[in-house]
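Next comes start_38.tsv, with TSV, C-alpha atoms and all ligand atoms.
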```tsv
chain	number	residue	atom	x	y	z
A	160	MET	CA	-84.06	248.44	96.40
A	161	GLU	CA	-83.45	250.37	93.20
A	162	ASN	CA	-83.57	254.11	93.73
A	163	LYS	CA	-85.89	256.10	91.48
A	164	VAL	CA	-86.84	259.81	91.43
A	165	THR	CA	-89.42	260.98	88.88
A	166	PRO	CA	-92.33	263.44	89.30
A	167	TRP	CA	-94.63	260.41	89.74
A	168	GLU	CA	-92.54	257.98	91.72
A	169	VAL	CA	-89.84	258.16	94.39
A	170	SER	CA	-88.53	254.87	95.73
A	171	GLY	CA	-85.49	253.49	97.51
A	172	LYS	CA	-82.85	255.41	99.44
A	173	VAL	CA	-82.49	258.81	97.80
A	174	ASP	CA	-78.85	259.76	97.23
A	175	TYR	CA	-79.02	263.56	97.05
A	176	GLU	CA	-75.34	264.00	96.15
A	177	LYS	CA	-75.82	261.69	93.19
A	178	LEU	CA	-79.02	263.52	92.17
A	179	ILE	CA	-77.15	266.84	92.13
A	180	LYS	CA	-74.77	265.35	89.55
A	181	GLU	CA	-77.44	263.52	87.54
A	182	LEU	CA	-79.73	266.54	87.23
A	183	GLY	CA	-76.85	268.97	86.73
A	184	VAL	CA	-78.01	271.26	89.56
A	185	SER	CA	-75.76	273.12	92.02
A	186	LYS	CA	-75.33	272.60	95.75
A	187	LEU	CA	-76.76	275.34	97.96
A	188	ASP	CA	-73.48	276.36	99.61
A	189	LYS	CA	-72.56	278.63	102.55
A	190	LYS	CA	-71.68	281.55	100.27
A	191	LEU	CA	-75.10	281.51	98.67
A	192	LEU	CA	-76.83	281.17	102.05
A	193	GLU	CA	-74.94	284.29	103.17
A	194	ARG	CA	-76.10	286.07	100.03
A	195	ILE	CA	-79.73	285.19	100.82
A	196	LYS	CA	-79.27	286.31	104.43
A	197	LYS	CA	-77.97	289.69	103.28
A	198	HIS	CA	-81.48	290.36	101.96
A	199	THR	CA	-83.63	288.48	104.46
A	200	LYS	CA	-81.63	289.35	107.66
A	201	GLU	CA	-82.22	285.81	108.99
A	202	LEU	CA	-82.19	282.35	107.46
A	203	HIS	CA	-85.28	280.18	107.37
A	204	PRO	CA	-84.73	276.96	109.43
A	205	MET	CA	-85.19	274.89	106.25
A	206	LEU	CA	-82.19	276.69	104.75
A	207	LYS	CA	-80.07	276.37	107.89
A	208	ARG	CA	-80.87	272.66	108.23
A	209	GLY	CA	-80.10	271.69	104.63
A	210	ILE	CA	-83.73	270.79	103.82
A	211	PHE	CA	-83.28	273.05	100.80
A	212	PHE	CA	-80.06	271.64	99.41
A	213	ALA	CA	-79.70	272.55	95.73
A	214	HIS	CA	-80.55	275.20	93.15
A	215	ARG	CA	-80.42	276.33	89.56
A	216	ASP	CA	-79.32	279.88	88.70
A	217	LEU	CA	-79.89	281.41	92.17
A	218	ASN	CA	-76.78	283.59	91.80
A	219	TRP	CA	-78.15	284.98	88.55
A	220	LEU	CA	-81.51	285.63	90.29
A	221	PHE	CA	-79.77	287.68	93.00
A	222	ASP	CA	-77.60	289.51	90.44
A	223	GLU	CA	-80.83	290.63	88.79
A	224	TYR	CA	-82.48	291.41	92.15
A	225	GLU	CA	-79.54	293.54	93.22
A	226	LYS	CA	-79.83	295.46	89.95
A	227	GLY	CA	-83.49	296.20	90.85
A	228	ASN	CA	-85.03	293.48	88.66
A	229	LYS	CA	-87.43	291.87	91.17
A	230	PHE	CA	-88.47	288.22	90.80
A	231	PHE	CA	-91.80	286.46	91.25
A	232	LEU	CA	-92.43	283.01	92.75
A	233	TYR	CA	-94.03	280.04	91.04
A	234	THR	CA	-94.95	276.65	92.49
A	235	GLY	CA	-97.84	274.18	92.28
A	236	ARG	CA	-99.89	271.19	93.30
A	237	GLY	CA	-101.21	268.12	91.48
A	238	PRO	CA	-104.65	267.73	93.14
A	239	SER	CA	-105.39	264.01	93.37
A	240	GLY	CA	-105.85	263.50	97.10
A	241	PRO	CA	-105.46	265.18	100.50
A	242	ILE	CA	-102.54	267.50	101.21
A	243	HIS	CA	-100.07	265.90	103.61
A	244	ILE	CA	-97.39	267.36	105.86
A	245	GLY	CA	-94.75	266.47	103.22
A	246	HIS	CA	-96.21	268.89	100.67
A	247	ILE	CA	-96.33	271.95	102.85
A	248	GLY	CA	-92.61	272.36	103.62
A	249	THR	CA	-91.92	273.96	100.24
A	250	TRP	CA	-95.07	276.08	100.55
A	251	MET	CA	-94.28	277.36	104.04
A	252	PHE	CA	-90.87	278.30	102.70
A	253	THR	CA	-92.52	279.92	99.66
A	254	LYS	CA	-94.67	282.02	102.00
A	255	TRP	CA	-91.54	283.10	103.88
A	256	LEU	CA	-89.99	284.17	100.56
A	257	GLN	CA	-93.19	286.02	99.62
A	258	ASP	CA	-93.07	287.94	102.92
A	259	LYS	CA	-89.32	288.63	102.88
A	260	PHE	CA	-89.10	289.75	99.26
A	261	ASP	CA	-92.66	291.11	98.96
A	262	THR	CA	-93.24	289.14	95.77
A	263	GLU	CA	-96.08	287.83	93.67
A	264	LEU	CA	-96.76	284.10	93.72
A	265	TRP	CA	-98.27	282.14	90.84
A	266	PHE	CA	-99.64	278.80	92.02
A	267	GLN	CA	-100.60	276.15	89.46
A	268	PHE	CA	-103.18	273.39	90.05
A	269	THR	CA	-102.47	270.65	87.52
A	270	ASP	CA	-105.88	268.99	87.27
A	271	ASP	CA	-104.96	267.84	83.74
A	272	GLU	CA	-101.79	266.12	85.00
A	273	LYS	CA	-103.53	264.17	87.73
A	274	PHE	CA	-106.34	263.08	85.41
A	275	LEU	CA	-103.88	261.93	82.74
A	276	PHE	CA	-101.39	260.13	84.99
A	277	ASN	CA	-103.74	258.38	87.39
A	278	PRO	CA	-105.55	255.57	85.54
A	279	LYS	CA	-108.33	255.32	88.16
A	280	ILE	CA	-109.31	258.92	88.82
A	281	THR	CA	-112.16	260.79	87.09
A	282	HIS	CA	-111.92	264.48	86.23
A	283	LYS	CA	-114.84	265.15	88.64
A	284	GLU	CA	-112.77	263.70	91.50
A	285	VAL	CA	-109.79	265.82	90.50
A	286	GLU	CA	-112.04	268.90	90.55
A	287	LYS	CA	-113.15	268.04	94.08
A	288	TRP	CA	-109.52	267.70	95.21
A	289	THR	CA	-108.59	270.96	93.50
A	290	TYR	CA	-111.15	272.74	95.68
A	291	GLU	CA	-110.15	270.87	98.87
A	292	ASN	CA	-106.42	271.46	98.27
A	293	MET	CA	-106.97	275.18	97.63
A	294	LEU	CA	-108.39	275.52	101.15
A	295	ASP	CA	-105.20	274.07	102.66
A	296	ILE	CA	-102.99	276.30	100.55
A	297	ILE	CA	-104.93	279.45	101.41
A	298	ALA	CA	-104.79	278.45	105.10
A	299	LEU	CA	-100.98	278.64	104.96
A	300	GLY	CA	-101.35	282.43	104.86
A	301	PHE	CA	-100.37	283.59	101.38
A	302	ASP	CA	-101.15	287.22	100.60
A	303	PRO	CA	-104.40	287.24	98.54
A	304	LYS	CA	-103.40	290.48	96.81
A	305	LYS	CA	-100.17	288.94	95.56
A	306	THR	CA	-101.13	285.29	95.01
A	307	HIS	CA	-102.72	283.98	91.81
A	308	PHE	CA	-104.11	280.48	91.40
A	309	LEU	CA	-104.09	278.95	87.92
A	310	ILE	CA	-106.10	275.79	87.25
A	311	ASP	CA	-104.91	274.14	84.05
A	312	THR	CA	-108.30	273.28	82.51
A	313	LYS	CA	-110.05	276.43	83.83
A	314	HIS	CA	-107.31	278.79	82.66
A	315	ALA	CA	-106.75	276.92	79.40
A	316	SER	CA	-107.36	280.03	77.26
A	317	LEU	CA	-104.34	281.64	78.93
A	318	LEU	CA	-102.08	278.59	79.30
A	319	TYR	CA	-102.71	276.46	76.22
A	320	PRO	CA	-101.52	278.90	73.53
A	321	GLU	CA	-98.19	279.15	75.41
A	322	ALA	CA	-97.97	275.40	76.15
A	323	ILE	CA	-98.06	274.54	72.43
A	324	LYS	CA	-95.03	276.78	71.91
A	325	PHE	CA	-93.08	274.70	74.45
A	326	ALA	CA	-94.50	271.45	73.07
A	327	LYS	CA	-93.33	272.26	69.55
A	328	LYS	CA	-89.72	272.48	70.77
A	329	ILE	CA	-89.64	269.33	72.95
A	330	ASN	CA	-89.17	265.95	71.26
A	331	TYR	CA	-90.90	262.74	72.26
A	332	SER	CA	-87.47	261.08	72.59
A	333	THR	CA	-86.46	263.68	75.22
A	334	VAL	CA	-89.49	263.13	77.49
A	335	LYS	CA	-89.25	259.39	76.94
A	336	ALA	CA	-85.66	259.36	78.13
A	337	SER	CA	-86.24	261.84	81.00
A	338	PHE	CA	-89.32	260.19	82.47
A	339	GLY	CA	-88.91	256.59	81.31
A	340	PHE	CA	-92.24	256.65	79.40
A	341	LYS	CA	-93.27	253.40	77.68
A	342	ASP	CA	-94.84	253.41	74.20
A	343	SER	CA	-98.20	252.61	75.83
A	344	MET	CA	-98.22	256.01	77.65
A	345	ASN	CA	-101.25	258.13	76.69
A	346	ILE	CA	-100.53	261.13	74.47
A	347	GLY	CA	-101.89	263.65	77.01
A	348	ALA	CA	-99.23	262.61	79.51
A	349	ILE	CA	-96.51	263.04	76.89
A	350	PHE	CA	-97.69	266.64	76.31
A	351	TYR	CA	-98.05	267.49	80.02
A	352	THR	CA	-94.55	268.95	80.75
A	353	SER	CA	-95.32	271.85	78.43
A	354	MET	CA	-98.25	272.87	80.70
A	355	GLN	CA	-96.04	272.89	83.81
A	356	ALA	CA	-93.45	275.02	81.99
A	357	VAL	CA	-95.88	277.86	81.22
A	358	PRO	CA	-96.58	279.69	84.55
A	359	ALA	CA	-92.87	280.59	84.73
A	360	ILE	CA	-93.48	283.02	81.83
A	361	ILE	CA	-97.04	284.21	82.51
A	362	PRO	CA	-96.19	287.45	84.41
A	363	SER	CA	-93.57	288.34	81.78
A	364	MET	CA	-96.10	287.71	79.04
A	365	LEU	CA	-98.86	289.72	80.72
A	366	LYS	CA	-96.59	292.69	81.51
A	367	ASN	CA	-94.72	292.43	78.23
A	368	LYS	CA	-91.29	292.55	79.88
A	369	ASN	CA	-88.94	289.85	81.16
A	370	ILE	CA	-89.35	289.19	84.89
A	371	PRO	CA	-87.10	286.67	86.70
A	372	CYS	CA	-88.87	283.67	88.25
A	373	LEU	CA	-87.94	281.52	91.27
A	374	ILE	CA	-89.52	278.07	91.67
A	375	PRO	CA	-89.40	276.35	95.08
A	376	LEU	CA	-90.07	272.60	94.72
A	377	ALA	CA	-88.98	269.20	96.00
A	378	VAL	CA	-86.42	267.65	93.71
A	379	ASP	CA	-88.89	265.17	92.11
A	380	GLN	CA	-90.38	268.08	90.10
A	381	ASP	CA	-87.06	269.25	88.68
A	382	PRO	CA	-87.11	266.96	85.59
A	383	HIS	CA	-90.02	268.94	84.06
A	384	PHE	CA	-87.98	272.12	84.17
A	385	ARG	CA	-84.82	270.35	83.09
A	386	VAL	CA	-86.65	269.30	79.93
A	387	ALA	CA	-88.22	272.75	79.35
A	388	ARG	CA	-85.13	274.76	80.30
A	389	ASP	CA	-83.58	275.28	76.91
A	390	VAL	CA	-86.91	276.29	75.43
A	391	TYR	CA	-87.42	279.45	77.56
A	392	PRO	CA	-84.68	281.51	75.82
A	393	LYS	CA	-85.82	280.21	72.43
A	394	LEU	CA	-89.22	281.79	73.18
A	395	GLY	CA	-87.55	285.02	74.34
A	396	TYR	CA	-87.81	284.48	78.14
A	397	TYR	CA	-85.37	283.99	81.04
A	398	LYS	CA	-84.81	280.45	82.28
A	399	PRO	CA	-86.46	280.20	85.74
A	400	ALA	CA	-84.27	279.84	88.84
A	401	ILE	CA	-85.10	276.87	91.07
A	402	ILE	CA	-84.54	275.99	94.73
A	403	HIS	CA	-84.79	272.27	95.59
A	404	SER	CA	-85.93	270.58	98.78
A	405	ILE	CA	-85.26	267.02	99.91
A	406	PHE	CA	-88.27	264.77	100.68
A	407	LEU	CA	-90.11	264.44	103.94
A	408	PRO	CA	-89.92	260.66	104.46
A	409	PRO	CA	-92.99	258.41	104.68
A	410	LEU	CA	-94.05	257.21	108.14
A	411	THR	CA	-92.69	253.78	107.35
A	412	GLY	CA	-89.00	254.71	107.06
A	413	THR	CA	-86.46	257.05	105.53
A	414	ASP	CA	-86.60	255.56	101.99
A	415	GLY	CA	-88.76	257.20	99.30
A	416	LYS	CA	-91.11	260.11	100.08
A	417	MET	CA	-94.32	260.70	101.99
A	418	SER	CA	-96.94	260.15	99.29
A	419	SER	CA	-100.73	260.41	99.13
A	420	SER	CA	-100.87	257.21	97.06
A	421	ASP	CA	-100.01	255.18	100.20
A	422	PRO	CA	-102.48	255.97	103.07
A	423	ASN	CA	-100.19	254.44	105.71
A	424	SER	CA	-97.32	256.69	104.69
A	425	TYR	CA	-98.76	260.11	105.45
A	426	ILE	CA	-100.34	262.53	107.92
A	427	ALA	CA	-103.01	264.56	106.13
A	428	LEU	CA	-103.74	268.16	107.09
A	429	THR	CA	-107.32	267.09	107.70
A	430	ASP	CA	-106.43	264.21	110.10
A	431	THR	CA	-108.00	264.24	113.58
A	432	PRO	CA	-105.83	264.27	116.75
A	433	GLU	CA	-106.73	260.58	117.27
A	434	GLU	CA	-105.68	259.66	113.73
A	435	VAL	CA	-102.36	261.47	114.16
A	436	LYS	CA	-101.72	259.69	117.44
A	437	ASN	CA	-102.56	256.27	116.01
A	438	LYS	CA	-100.56	256.72	112.83
A	439	ILE	CA	-97.42	257.94	114.60
A	440	ASN	CA	-97.61	255.29	117.31
A	441	LYS	CA	-98.35	252.47	114.88
A	442	TYR	CA	-96.34	253.33	111.77
A	443	ALA	CA	-93.62	255.92	112.47
A	444	PHE	CA	-90.34	254.11	111.94
A	445	SER	CA	-88.12	254.38	114.98
A	446	GLY	CA	-84.35	254.72	115.20
A	447	GLY	CA	-84.53	253.46	118.78
A	448	LYS	CA	-83.12	250.19	120.06
A	449	ASP	CA	-85.15	246.99	120.42
A	450	THR	CA	-85.22	246.90	124.22
A	451	LEU	CA	-85.48	249.66	126.80
A	452	LYS	CA	-82.26	248.49	128.44
A	453	GLU	CA	-80.30	248.55	125.18
A	454	HIS	CA	-81.75	251.95	124.21
A	455	LYS	CA	-80.74	253.47	127.55
A	456	GLU	CA	-77.22	252.05	127.17
A	457	LYS	CA	-76.54	252.71	123.49
A	458	GLY	CA	-79.05	255.41	122.51
A	459	GLY	CA	-81.09	255.84	119.32
A	460	ASN	CA	-80.25	256.97	115.80
A	461	PRO	CA	-82.06	260.24	114.91
A	462	ASP	CA	-80.88	260.08	111.27
A	463	ILE	CA	-83.19	257.16	110.51
A	464	ASP	CA	-85.87	258.04	113.05
A	465	VAL	CA	-88.93	259.35	111.19
A	466	SER	CA	-90.31	261.28	114.20
A	467	PHE	CA	-87.02	263.13	114.63
A	468	GLN	CA	-86.87	263.87	110.90
A	469	TYR	CA	-90.37	265.41	110.97
A	470	LEU	CA	-89.28	267.68	113.83
A	471	ARG	CA	-86.15	268.62	111.85
A	472	PHE	CA	-88.17	269.43	108.72
A	473	PHE	CA	-90.40	272.06	110.29
A	474	LEU	CA	-92.30	270.79	113.31
A	475	GLU	CA	-89.64	272.00	115.78
A	476	PRO	CA	-88.40	275.30	114.38
A	477	ASP	CA	-86.45	276.12	117.57
A	478	ASP	CA	-82.82	275.10	116.89
A	479	LYS	CA	-81.92	274.80	120.58
A	480	LYS	CA	-84.86	272.52	121.39
A	481	LEU	CA	-84.13	270.36	118.35
A	482	LYS	CA	-80.46	270.01	119.33
A	483	LYS	CA	-81.42	268.98	122.87
A	484	ILE	CA	-83.84	266.33	121.54
A	485	GLU	CA	-81.16	265.02	119.19
A	486	GLU	CA	-78.59	264.77	121.98
A	487	ASP	CA	-81.00	263.18	124.46
A	488	TYR	CA	-82.18	260.65	121.90
A	489	LYS	CA	-78.64	259.77	120.84
A	490	SER	CA	-77.54	259.30	124.44
A	491	GLY	CA	-80.52	257.11	125.29
A	492	LYS	CA	-81.92	259.63	127.80
A	493	MET	CA	-84.97	260.20	125.58
A	494	LEU	CA	-87.03	257.13	124.67
A	495	THR	CA	-88.82	256.46	121.37
A	496	SER	CA	-92.20	256.71	123.14
A	497	GLU	CA	-91.25	260.15	124.52
A	498	LEU	CA	-90.04	261.35	121.12
A	499	LYS	CA	-93.27	260.13	119.52
A	500	SER	CA	-95.51	261.87	122.06
A	501	TYR	CA	-93.49	265.11	121.63
A	502	LEU	CA	-94.10	264.89	117.86
A	503	ILE	CA	-97.81	263.96	118.20
A	504	ASN	CA	-98.32	267.02	120.38
A	505	LYS	CA	-96.47	269.29	117.93
A	506	ILE	CA	-98.45	268.01	114.93
A	507	ASN	CA	-101.77	268.30	116.72
A	508	ILE	CA	-101.10	271.88	117.84
A	509	PHE	CA	-100.16	272.74	114.25
A	510	LEU	CA	-103.20	270.97	112.76
A	511	ALA	CA	-105.71	272.50	115.20
A	512	GLU	CA	-104.60	275.98	114.11
A	513	HIS	CA	-104.45	274.97	110.44
A	514	GLN	CA	-107.92	273.42	110.43
A	515	LYS	CA	-109.41	276.62	111.88
A	516	LYS	CA	-107.81	278.67	109.10
A	517	ARG	CA	-108.88	276.07	106.54
A	518	LYS	CA	-112.55	276.59	107.49
A	519	LEU	CA	-112.21	280.35	107.08
A	520	ALA	CA	-110.50	279.87	103.70
A	521	LYS	CA	-113.83	278.82	102.15
A	522	ASN	CA	-114.89	282.47	102.03
A	523	HIS	CA	-111.72	283.64	100.30
A	524	ILE	CA	-111.17	281.28	97.36
A	525	ASN	CA	-112.36	283.81	94.77
A	526	LYS	CA	-109.72	286.32	95.85
A	527	PHE	CA	-107.02	283.83	94.90
A	528	ILE	CA	-108.24	282.47	91.55
A	529	PHE	CA	-106.69	284.50	88.74
A	530	LYS	CA	-109.18	286.40	86.61
A	531	ILE	CA	-108.35	286.49	82.93
A	532	LYS	CA	-109.08	289.97	81.55
B	601	LIG	P1	-97.37	267.42	93.94
B	601	LIG	O1	-98.79	267.76	94.17
B	601	LIG	O2	-96.98	266.01	93.76
B	601	LIG	O3	-96.51	268.01	95.09
B	601	LIG	C1	-96.61	269.39	95.48
B	601	LIG	C2	-95.24	269.88	95.98
B	601	LIG	O4	-94.84	269.10	97.10
B	601	LIG	C3	-93.57	268.50	96.87
B	601	LIG	N1	-93.60	267.20	97.57
B	601	LIG	C4	-92.85	266.94	98.65
B	601	LIG	N2	-91.94	267.69	99.29
B	601	LIG	C5	-91.32	267.13	100.35
B	601	LIG	N3	-91.58	265.88	100.80
B	601	LIG	C6	-92.49	265.09	100.20
B	601	LIG	N4	-92.75	263.88	100.65
B	601	LIG	C7	-93.18	265.63	99.04
B	601	LIG	N5	-94.13	265.14	98.20
B	601	LIG	C8	-94.37	266.13	97.31
B	601	LIG	C9	-93.46	268.40	95.36
B	601	LIG	O5	-92.12	268.33	94.92
B	601	LIG	C10	-94.12	269.70	94.93
B	601	LIG	O6	-93.22	270.77	95.01
B	601	LIG	N6	-96.71	268.56	89.05
B	601	LIG	C11	-96.71	269.08	90.41
B	601	LIG	C12	-97.53	270.37	90.54
B	601	LIG	C13	-96.79	271.57	90.01
B	601	LIG	C14	-95.58	272.12	90.53
B	601	LIG	C15	-95.29	273.24	89.69
B	601	LIG	C16	-94.77	271.77	91.61
B	601	LIG	C17	-97.18	272.34	88.94
B	601	LIG	N7	-96.26	273.34	88.75
B	601	LIG	C18	-94.16	274.00	89.95
B	601	LIG	C19	-93.65	272.55	91.85
B	601	LIG	C20	-93.34	273.65	91.02
B	601	LIG	C21	-97.24	268.03	91.37
B	601	LIG	O7	-97.95	267.14	91.02
B	601	LIG	O8	-96.83	268.27	92.68
```
Could you render the structure as C-alpha cells?
Ligand code: TYM
Amino acid sequence: MENKVTPWEVSGKVDYEKLIKELGVSKLDKKLLERIKKHTKELHPMLKRGIFFAHRDLNWLFDEYEKGNKFFLYTGRGPSGPIHIGHIGTWMFTKWLQDKFDTELWFQFTDDEKFLFNPKITHKEVEKWTYENMLDIIALGFDPKKTHFLIDTKHASLLYPEAIKFAKKINYSTVKASFGFKDSMNIGAIFYTSMQAVPAIIPSMLKNKNIPCLIPLAVDQDPHFRVARDVYPKLGYYKPAIIHSIFLPPLTGTDGKMSSSDPNSYIALTDTPEEVKNKINKYAFSGGKDTLKEHKEKGGNPDIDVSFQYLRFFLEPDDKKLKKIEEDYKSGKMLTSELKSYLINKINIFLAEHQKKRKLAKNHINKFIFKIK
C-alpha cells in the first residue's frame, strides 16, 4: 500500500526516518533529551520511549529559555467527531510541559477547517463537536488560568486580520504541491493553512513583544507549519518550534493512524467499558501466533501488536511493568488474550476517571474560552 501522510489522510506503513528527511525536521536525539531533562528533572515516558521522535528548532527554544525568554505552548483540535485515545497523547504531554515549565497554552478549535474539508458535515454539527471535544480537553487537567481556547469562527475578529497577512505570502502552487490539492478543491480549504498559522503569534501580538512558541503535534500536522514557516519572520515574528509525535495505530493494525473517520479503528473517550472490551477483543490486531501451541513455543511480536503499542504509548507508564510484559509476550509466556485483558482493564480504569472529570468540565468551559478585550 502506498504510504501517505497529510493533515487529512494517513495511510500505509509510516516510515518515520523517511518523513524526517522529507519534511526537513530533526531527530530528537539523546543530547536534546538531556537538555530537556536538565530543566524538567525527569523525562516524560513519551520522550523516553521515542513516541516524540522529531523536532524543529528545539535547541533555539532552549537557548532563548536559558536566556530568560520563556515560551508558550500552542496546539489544537479539528472538531468533527469524538476524541479518541490517539489524540490525547500529544495533549497529555502538552499538559506535562505546561506543569513543568509553568507556561501558557493556546488551544485552537478549527471549526472552519472541519466544515471546509468534510463534504458531509454541517457547521451546526461541527459546533456540537467543538463543545463535546472541549469537555474532553478540559478533563485532561489543563490550568484554566493559563489555558486559552480559540475557536476559529468565534474568534474571527482576532484571527482573521492576521490570517490574511499569512495568506498574502503563501502561493496556491505551494499549498497545491504540499497537500496534493486538486483544482476542484474549494477555495476555503486552500486558505485554511493561514488560520492554523496564526495562534503561534497571538501572544506576541497581544503583548507587543516576541515570545517563543512551542507546538506539540503528531507529524501529520507539520505540513501546515512547513508551509507557513518562512512567513513568520517576514511578518516580524519568530518561527515556532515544534515537537513531533508518531501516530497511535488504529485497532486494525500498525499501518496508518487511529482516526475518527473509521469507527472500527478507534476507542473514544466516551466509550463504555463494554464497548472497550468488545472493540479490543474483536478488532485489536494481534502479534501473537495462530495457535496456542505455536505461541507458547515461539512467542509473539510486540512491535506489530496493537495492544502492546497502546500500552507503550501511554497506557502503561511504568517502564518496569512494560518491559516485563514485552519480555513475557515475546517469550510466549503471556498470551494474546492475557495482553488484551490487561489493556482493557487499563483503558477502562483511565476512562472511568476521565468520564468523571468530563462531567465536571461542563461547569468550567467559560474559564477556558479566550475573551477578546
Ligand atoms: P486533529 O483534530 O486531527 O488532531 C488533534 C491532534 O491529535 C493528533 N493526532 C494523533 N496523534 C497520535 N496518533 C493518532 N492516531 C492521531 N490522530 C491525530 C494530531 O496530529 C493533532 O496534533 N488541524 C488540526 C487542529 C490544529 C492543530 C493546531 C493541531 C489546529 N492548530 C496546532 C496541532 C497543532 C486537526 O485537525 O487536528
*Interatomic distance (Å, one decimal) between atom CA of Asn277 of chain A and atom CA of Pro358 of chain A*: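 Here the two named atoms are 22.7 Å from each other.
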*So what do you get for atom CA of Leu256 of chain A versus atom C7 of ligand LIG 601 (chain B), distance-wise?*
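We find that atom CA of Leu256 of chain A and atom C7 of ligand LIG 601 (chain B) lie 18.9 Å from each other.
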*Within 7 Å of ligand LIG 601 (chain B), counting all atoms listed in the file: which residues, as a ChimeraX atom specification?*
/A:166,233-238,245-249,267-269,272,355,374-380,404-409,416-418
Quick one: write out the picked residues with C-alpha atoms as a PDB file, keeping the file's coordinate frame?
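The result, written out as out.pdb:
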```
ATOM      1  CA  PRO A 166     -92.330 263.440  89.300  1.00  0.00           C
ATOM      2  CA  TYR A 233     -94.030 280.040  91.040  1.00  0.00           C
ATOM      3  CA  THR A 234     -94.950 276.650  92.490  1.00  0.00           C
ATOM      4  CA  GLY A 235     -97.840 274.180  92.280  1.00  0.00           C
ATOM      5  CA  ARG A 236     -99.890 271.190  93.300  1.00  0.00           C
ATOM      6  CA  GLY A 237    -101.210 268.120  91.480  1.00  0.00           C
ATOM      7  CA  PRO A 238    -104.650 267.730  93.140  1.00  0.00           C
ATOM      8  CA  GLY A 245     -94.750 266.470 103.220  1.00  0.00           C
ATOM      9  CA  HIS A 246     -96.210 268.890 100.670  1.00  0.00           C
ATOM     10  CA  ILE A 247     -96.330 271.950 102.850  1.00  0.00           C
ATOM     11  CA  GLY A 248     -92.610 272.360 103.620  1.00  0.00           C
ATOM     12  CA  THR A 249     -91.920 273.960 100.240  1.00  0.00           C
ATOM     13  CA  GLN A 267    -100.600 276.150  89.460  1.00  0.00           C
ATOM     14  CA  PHE A 268    -103.180 273.390  90.050  1.00  0.00           C
ATOM     15  CA  THR A 269    -102.470 270.650  87.520  1.00  0.00           C
ATOM     16  CA  GLU A 272    -101.790 266.120  85.000  1.00  0.00           C
ATOM     17  CA  GLN A 355     -96.040 272.890  83.810  1.00  0.00           C
ATOM     18  CA  ILE A 374     -89.520 278.070  91.670  1.00  0.00           C
ATOM     19  CA  PRO A 375     -89.400 276.350  95.080  1.00  0.00           C
ATOM     20  CA  LEU A 376     -90.070 272.600  94.720  1.00  0.00           C
ATOM     21  CA  ALA A 377     -88.980 269.200  96.000  1.00  0.00           C
ATOM     22  CA  VAL A 378     -86.420 267.650  93.710  1.00  0.00           C
ATOM     23  CA  ASP A 379     -88.890 265.170  92.110  1.00  0.00           C
ATOM     24  CA  GLN A 380     -90.380 268.080  90.100  1.00  0.00           C
ATOM     25  CA  SER A 404     -85.930 270.580  98.780  1.00  0.00           C
ATOM     26  CA  ILE A 405     -85.260 267.020  99.910  1.00  0.00           C
ATOM     27  CA  PHE A 406     -88.270 264.770 100.680  1.00  0.00           C
ATOM     28  CA  LEU A 407     -90.110 264.440 103.940  1.00  0.00           C
ATOM     29  CA  PRO A 408     -89.920 260.660 104.460  1.00  0.00           C
ATOM     30  CA  PRO A 409     -92.990 258.410 104.680  1.00  0.00           C
ATOM     31  CA  LYS A 416     -91.110 260.110 100.080  1.00  0.00           C
ATOM     32  CA  MET A 417     -94.320 260.700 101.990  1.00  0.00           C
ATOM     33  CA  SER A 418     -96.940 260.150  99.290  1.00  0.00           C
TER      34      SER A 418
END
```
*asked:* Would you pick out the contacts of Ala443 of chain A at 9 Å or less, using only C-alpha atoms, so that residues sharing its chain but fewer than 5 positions from it are not included, and give the list as an MDAnalysis selection string?
replied: chainID A and resid 409:412 424 438 464:466 499
*Quick one: of A:Ala213, A:Ile508, A:Ile310, A:Val357, who's nearest to Lys177 of chain A, counting all atoms listed in the file?*
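Among the listed residues, the smallest separation from Lys177 of chain A belongs to A:Ala213.
Atom CA of Ala348 of chain A to atom CA of Tyr425 of chain A spans 26.1 Å [interatomic distance, one decimal].
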